Amino acid sequence: MDLIFLQLLTGLAGASTLFLVAAGLTVIFGVTRVVNFSHGSLYMLGAFIAWSLLSRLPREPDYFVLGVLGAAVATAVIGAVLEVVLLRRIYRAPELLQLLATFGVVLVVQDVALWVWGPVDLSLPRPRWLRGAVEIAGLRFPFYDLVLIVVGPAVLGGLLLLFHRTRWGLLVRAATQDRDMVAALGVDQRVLFTSVFALGAGLAGLGGALALPQGSANLNMDLSVIAEAFVVVVVGGMGSLGGAFLAALLIGVLQAFGIALVPKITLVLVFLVMAAVLVVRPHGLLGKPQAMARGEVEALAPIRPAGPALQVLGLVALLAAILAPFVAGPYLLSVLTEAAVAVLFAASLHVMMGPGGMASFGHAAWFGVGAYAAAFAAKGLGAGMAVGLLLAPFAAGALALLVGAFVVRMSGVYLAMLTLAFAQIAWAVAFQWVEVTGGDNGVLGVWPDGWAADKPTMYWLALLLCVGGALVLRRALFAPFGFALRATRDSALRAEAIGLDAHRLRLAAFVLAGAGAGLSGAVFAYAKGSVFPTYMAIPHSVDALVTVLLGGVQTMAGPVVGAVTFTVLQSWLLMGDFWRIKLGLLIIALVLAFPTGIAGAASAVWDRWRGRAA
Amino acid sequence: MMLQVENLHAGYGGAKILRGVSFDLAAGEVLVLLGRNGAGKSTTIKALMGLLRPTAGRVRLAGADIAGWEPHRIARAGLGWVPEERRVFPELTVAENLEVGRRPAREGLAPWTPERLFALFPNLAELRQRPGARISGGEQQMVAIARTLMGNPRVLLLDEPGEGLAPVIVDLMAEAILALKREGATVLLAEQSLAFASRVADRAVILETGRIVWDGAIDALLADTGARARHLQV
Amino acid sequence: MSVLVAEGLRKRFGANEAVAGVSLAVEPGEMLALIGPNGAGKSTCFNMLGGQLRPDEGAVRLGGQDVTGMAPRHLAHLGVGRTFQITASFASMTVRENVQTALLAQKRQAWRFWQAADAQHVGLAEGLLARVGMASQAERPAGVLAYGDLKRLELAMALAGDPVLLLMDEPTAGMAPAERAALMALVRGIARDQGVAVLFTEHDMDVVFGQADRVLVLDRGRLIAQGTPEAVRADPRVRAVYLGTAA
Ligand SMILES: Nc1ncnc2c1ncn2[C@@H]1O[C@H](COP(=O)(O)OP(=O)(O)O)[C@@H](O)[C@H]1O
Ligand SMILES: Nc1ncnc2c1ncn2[C@@H]1O[C@H](COP(=O)(O)OP(=O)(O)O)[C@@H](O)[C@H]1O
Ligand SMILES: [Mg+2]
Ligand SMILES: [Mg+2]
């Protein structure tokens, strides 16, 4: 009984820090419409800064409060600088590019933190008063847990007062609904946005600082907390503070009990709860349907098939790719094979993300399912490569059909989070079902048939299947199906009114995307000879997103350009120390330079050049 | 002159919409900007408001050249915009909508307060606590105008205030504009309906494919059947 | 026989009964106007007839078949075309592609994965655009059209399915008076020639009294008057709640 009670207390205490982070995230999203991936990094910085301050200050309660507030303020200032230097420049960019830029910030902050604070986990010596307990009604409560439990509702109350009782709060709420109108009424948006971002960042920093005494400041806390914060915000309903609070309680308690009872599948449990909530309430516990932010539709220019010049360029590139093995060494050839795989992986994501309008944070799941299907064909069935290559897209497509049936009813960020959830579950299964998948050790010896065993042949096969697959997908997008899909994305209302089945079209796109990724996964498995759970992990999903966004969502050439660029960049940049900061800065620079992606920018330049020539 | 627009050029991306729009607006005057749909009336108003960056030309508001300023500075300088889509904040109450528009009083003008505005639009008084999404289109139009007036603008830019509204509400709008005029307000009205314009305006300019093709007193336009047939098909 | 018959339609949103028992019938070739103050429940009626909303009570019959609560896409295939008060078109496609997509959808050809879509039904699409006066804008992206032009595009898309019934919610909003009359005269011509039944809402009284065969007046969810344009125009209640000086 006591144990359960203590567990509940731990859960509620954890819920408070989670709420602080999620509240910051949801406030920032509400006003700026930026899904801030780097919010976890601010939380991490809050913890590190708090460590630096608290380990130098006297270990007294007053100084503890001072140190924690100092860390929160410092993080708020960092947030404000981040807003002024980076985010302000990209408010007009497509939502997902903003996400990408903030992911660049995640990478940069990771390396900066590594450089400043080093790789070791930093924990705080805990003075007696922090470890103490309070006796209430014969039960002993850990003092610090109680402090945390009080902080959550107090901050919620403070925020609600701030938003509903001050002019600043009123303007923030108005800006959440229509920011251009607020500007036209004489309000300086920049001040508003910077202050909101600082507030959100400060809340994240406060959360990080408060979490420090019970854990440590370490370099993994950014991504782990951002995943949880996303879940909380989505379960609560984007933009709803009350919802975030409820969801934080739910998730916090669930986690506390999960870790005590079923440590292996806690993560899966959390994501299952999220999926369940979203199926019943597609906009979260207290969320409302997200009105399309004004101006979003205008950003989508019509997709044009490539002009003759571009087609010639494409053919030349393809020819060069075919002839590559005659000049390329084995290392370059394996890079090129990876690039071919990346092309199909990205093109398949592009189908659902571009014309389908459904961004996925978990596209690696289908890649992984395809790879494991190939491994299963090779090792489990002892079948040849042809069977594996055939099985993979079908397995991935079938699973995508199952998952998609309820995922495609969602939209926007909710859909993205659900795909992330399923990818995490798939990853956890691959990781823990050791008998079948080999767990962390993976499946080794997934080799191609003899005739394709040498590198050039395998490369040609990859080129044929992956580039061919991408071309087939491209064709479908310019066919009636592609038109109908884009129609559904642009206006589901109108699409239904002319007789289109929006749900089935979206589902079909989802399945096509899954099958394409599955095929690319199988090719990759045979090319590498092995399959690991990391194929399904979040970073690999992010790779796909980066690739597509890098290339540009609104151009069909985008995924190809993005895949080649990204693979080449990765194989250069991933070498050596501090690759994260290099990659991060590069991503940020690319987003700033090409807000419509490389291919989008190229086609704009092309149009302008032709316009002048004509 | 309260507002002087000289050779204004603006467009969207590559598309040039305004190709040299010029007109003047005197203090206390109601000027109607007429033209068929797509002529560039809303574009003109957005360019004045800084929501669209003019590519050339000058906009003088009470002497200051505001062309190229950001919207919030232009609003503070004294242009008040009522968009054609109304854009009432759907989740804020009527009272809160008005509060968002509040700006300091302007010298020489009696400051607007919610009470004065509820006198101008009596329907709104009892809707104070109703969210913007839950009032009718006509009431939304009134809130949009009242919200902008809370900023005590020197010049009110009204973009088709009667569009999509029931005839009784259109009457109300005309009366409200006349009431504002009696108080000395300066108004630029974008309109497609000559009938509505003739009830409230002193002067008219006609916009056609991004240029002013007619400029004069509204009575002169009503009398000029040739110009009306040529430019307005009436 | 009436093309469309609605009986006792009701719809409430929370405590607010937006439509409180509306019955109506539209005949082939008839122009029926539904007018009333803003917030009277006109769009809600349209959405129940077009399948976007399911009525709380009442029935809708199309050509004798019960279609109450049927999804819009099925109604579209039964010959219901519609335009929306807040225009809905495919912003990222050109005007011509919008119409081509409507034609592909109506001909049940959307599930084709191979042939190039922009070569399909080009002539038909251009014919429809010419009919609504949009031929010159065929290659512009729908996202940059002026409001009135979007309404015309919507009409072309609604006509792509050879409808038996056109539901038009404020079809001429955003247009100049002269254009309004022209567009509705065009719709009237189509209604006459092809026997299409048209139900529309409109705030321009010249259009209503000039083009409608019959007028229904809705106020606070209830029909308060109906009949010929002349009779409705003379009705004192209608003058008080709706017409004002426009009568
Ligand atoms: N956001 C936009 N992007 C591109 N073109 C636009 C945009 N808004 C309006 N236009 C174009 O500008 C022209 C003028 O439009 P507008 O100023 O809205 O006309 P009006 O208000 O006179 O009806 C139209 O041809 C319209 O298609
Ligand atoms: N989705 C909705 N949710 C809640 N209330 C609604 C909704 N749609 C319409 N209403 C309300 O129903 C009433 C009728 O609205 P509507 O049918 O749009 O009127 P009209 O088209 O005649 O102007 C209004 O009071 C409106 O606020
Ligand atoms: Mg306009
Ligand atoms: Mg309506």
# chains A, B, ... in the order shown; residues from 1 in each chain; ligands from 1
>>> residues_around(residues="Ala102 in chain C", least_positions_apart="6", cutoff="12 Å", atoms="only C-alpha atoms", output="number ranges by chain")
A: 480, 483-484, 487-488, 494-500; C: 73, 76-77, 81-82, 89-90, 93, 95-96, 108-110, 117, 120-122, 124-125, 128, 153-162
>>> interface_residues(of="chain A", to="chain B", cutoff="10 Å", atoms="only C-alpha atoms", output="list in words")
Arg167, Trp168, Leu170, Leu171, Val172, Arg173, Ala174, Ala175, Thr176, Gln177, Asp178, Arg179, Asp180, Met181, Val182, Ala183, Ala184, Leu185, Gly186, Val187, Asp188, Gln189, Arg608 and Gly611 of chain A
>>> atom_distance(atom1="CA of Ala174 in chain B", atom2="CA of Thr93 in chain B")
25.0 Å
>>> residues_around(residues="range 159-170 of chain B", least_positions_apart="5", cutoff="6 Å", atoms="only C-alpha atoms", output="list in words")
Pro83, Glu84, Gly138, Ala190 and Glu191 of chain B; Pro37, Ala173, His203, Tyr242, Leu243 and Gly244 of chain C
>>> write_last_selection(atoms="N, CA and C atoms", output="PDB file, in the first residue's frame")
ATOM      1  N   PRO B  83     -10.692  44.550 -42.198  1.00  0.00           N
ATOM      2  CA  PRO B  83     -10.524  43.671 -43.361  1.00  0.00           C
ATOM      3  C   PRO B  83     -11.855  43.173 -43.915  1.00  0.00           C
ATOM      4  N   GLU B  84     -11.853  42.802 -45.188  1.00  0.00           N
ATOM      5  CA  GLU B  84     -13.112  42.350 -45.764  1.00  0.00           C
ATOM      6  C   GLU B  84     -13.581  41.030 -45.154  1.00  0.00           C
ATOM      7  N   GLY B 138     -23.241  39.779 -39.400  1.00  0.00           N
ATOM      8  CA  GLY B 138     -23.443  41.210 -39.282  1.00  0.00           C
ATOM      9  C   GLY B 138     -22.835  41.740 -37.991  1.00  0.00           C
ATOM     10  N   ALA B 190     -13.666  50.778 -49.497  1.00  0.00           N
ATOM     11  CA  ALA B 190     -13.580  49.992 -50.733  1.00  0.00           C
ATOM     12  C   ALA B 190     -14.946  49.375 -50.959  1.00  0.00           C
ATOM     13  N   GLU B 191     -15.458  49.450 -52.169  1.00  0.00           N
ATOM     14  CA  GLU B 191     -16.840  49.027 -52.392  1.00  0.00           C
ATOM     15  C   GLU B 191     -17.026  48.618 -53.841  1.00  0.00           C
TER      16      GLU B 191
ATOM     17  N   PRO C  37     -31.815  36.722 -42.379  1.00  0.00           N
ATOM     18  CA  PRO C  37     -30.730  37.454 -41.723  1.00  0.00           C
ATOM     19  C   PRO C  37     -29.496  36.573 -41.518  1.00  0.00           C
ATOM     20  N   ALA C 173     -21.314  36.141 -53.556  1.00  0.00           N
ATOM     21  CA  ALA C 173     -20.641  36.982 -52.568  1.00  0.00           C
ATOM     22  C   ALA C 173     -19.310  37.441 -53.143  1.00  0.00           C
ATOM     23  N   HIS C 203     -27.815  37.673 -50.700  1.00  0.00           N
ATOM     24  CA  HIS C 203     -28.194  38.892 -49.981  1.00  0.00           C
ATOM     25  C   HIS C 203     -28.492  40.052 -50.923  1.00  0.00           C
ATOM     26  N   TYR C 242     -35.632  41.575 -42.278  1.00  0.00           N
ATOM     27  CA  TYR C 242     -34.597  41.322 -43.266  1.00  0.00           C
ATOM     28  C   TYR C 242     -34.390  42.440 -44.274  1.00  0.00           C
ATOM     29  N   LEU C 243     -35.473  42.872 -44.924  1.00  0.00           N
ATOM     30  CA  LEU C 243     -35.281  43.710 -46.108  1.00  0.00           C
ATOM     31  C   LEU C 243     -34.879  45.149 -45.818  1.00  0.00           C
ATOM     32  N   GLY C 244     -35.443  45.738 -44.785  1.00  0.00           N
ATOM     33  CA  GLY C 244     -35.154  47.142 -44.524  1.00  0.00           C
ATOM     34  C   GLY C 244     -35.518  47.997 -45.727  1.00  0.00           C
TER      35      GLY C 244
END
>>> residues_around(residues="Asn7 in chain B", least_positions_apart="6", cutoff="12 Å", atoms="only C-alpha atoms", output="MDAnalysis selection string")
chainID B and resid 18:24 44 54:60 67 210:212
>>> closest_atom_pairs(of="chain C", to="ligand 4", cutoff="10 Å", atoms="only C-alpha atoms and all ligand atoms", output="CSV")
residue,atom,partner,partner_atom_place_in_ligand_line,distance
C:Ile35,CA,ligand 4,1 (Mg),9.8
C:Gly36,CA,ligand 4,1 (Mg),9.4
C:Pro37,CA,ligand 4,1 (Mg),9.1
C:Asn38,CA,ligand 4,1 (Mg),6.7
C:Gly39,CA,ligand 4,1 (Mg),6.7
C:Ala40,CA,ligand 4,1 (Mg),8.0
C:Gly41,CA,ligand 4,1 (Mg),6.9
C:Lys42,CA,ligand 4,1 (Mg),5.3
C:Ser43,CA,ligand 4,1 (Mg),4.0
C:Thr44,CA,ligand 4,1 (Mg),7.3
C:Cys45,CA,ligand 4,1 (Mg),9.1
C:Phe46,CA,ligand 4,1 (Mg),8.6
C:Asn47,CA,ligand 4,1 (Mg),9.8
C:Phe84,CA,ligand 4,1 (Mg),8.8
C:Gln85,CA,ligand 4,1 (Mg),6.0
C:Ile86,CA,ligand 4,1 (Mg),8.6
C:Asp169,CA,ligand 4,1 (Mg),6.7
C:Glu170,CA,ligand 4,1 (Mg),7.2
C:Thr201,CA,ligand 4,1 (Mg),8.0
C:Glu202,CA,ligand 4,1 (Mg),9.3
